[in-house]
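Here's the structure, in structure tokens; my notes come after.
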Amino acid sequence: MGIVKNTRVFATEFEIEDPHIIMGPMIKAESISQAESIAEYYGLIIIGELTELIHETIVKEEKVVH
């Protein structure tokens, strides 16, 4: 396994038809400048950086009907 680098995740969007803006893919990059280069290549706009992700599992009670 290689060296783990400081990977950051950036959210993007893109325009398909004026004025329809769609959420784009997430970009994994080591810096904002690297993310901007990737976004420019694919015609995306960076709208922010993902800094925290909270995941909660919702447990639903199963109802038994007799």
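Residues are referred to by chain and number: the chain letter is A, B, ... according to the order shown in the structure tokens, the number counts from 1 in that chain, and ligands are numbered separately from 1 in the order shown.
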Please identify the strand (DSSP E) residues within region 19-56 of chain A (assignment by DSSP from backbone atoms) and present them as a PyMOL selection string. chain A and resi 20-23+27-29+45-50
Using only C-alpha atoms: which of A:His66, A:Ile58, A:Gly24, A:Asp18 has the shortest distance to Gly43 (chain A): A:Gly24
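Residues surrounding Gly48 (chain A) within 8 Å are Phe10, Ala11 and Thr12 of chain A [only C-alpha atoms; sequence separation below 6 positions excluded].
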Selected residue of minimal separation from Ala29 (chain A) among A:Glu15, A:Ile46, A:Val9, A:Tyr41, counting only C-alpha atoms: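 Once distances to Ala29 (chain A) are computed over only C-alpha atoms, the minimum belongs to A:Val9.
The two atoms in question, CA of Asn6 (chain A) and CA of Glu30 (chain A), are spaced 5.8 Å apart.
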Straight-line distance linking CA of Ile22 (chain A) with CA of Glu56 (chain A), stated in Å to one decimal: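 Computing the Euclidean distance for CA of Ile22 (chain A) and CA of Glu56 (chain A) yields 26.0 Å.
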Mind giving me the straight-line distance from CA of Pro25 (chain A) to CA of Leu44 (chain A) in Å, one decimal?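 Computed distance, CA of Pro25 (chain A) to CA of Leu44 (chain A), equals 8.7 Å.
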Could you please write out, as JSON, numbers by chain, every residue of chain A that DSSP assigns to helix (DSSP H, G or I)? {"A": [32, 33, 34, 35, 36, 37, 38, 39, 40, 41, 42]}
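Considering the residues A:Glu62, A:Gln34, A:His20, A:Thr7 and counting only C-alpha atoms, Leu50 (chain A) has its shortest atom-to-atom contact with A:Thr7.
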Between A:Ile16, A:Ile27, A:Ser37, A:Val65, single out the one closest to Glu49 (chain A), counting only C-alpha atoms.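 Result for the nearest residue to Glu49 (chain A): A:Ile27.
The nearest approach to Ile45 (chain A) among the residues A:Thr57, A:Ile32, A:Lys5, A:Val64, with only C-alpha atoms taken into account, belongs to A:Ile32.
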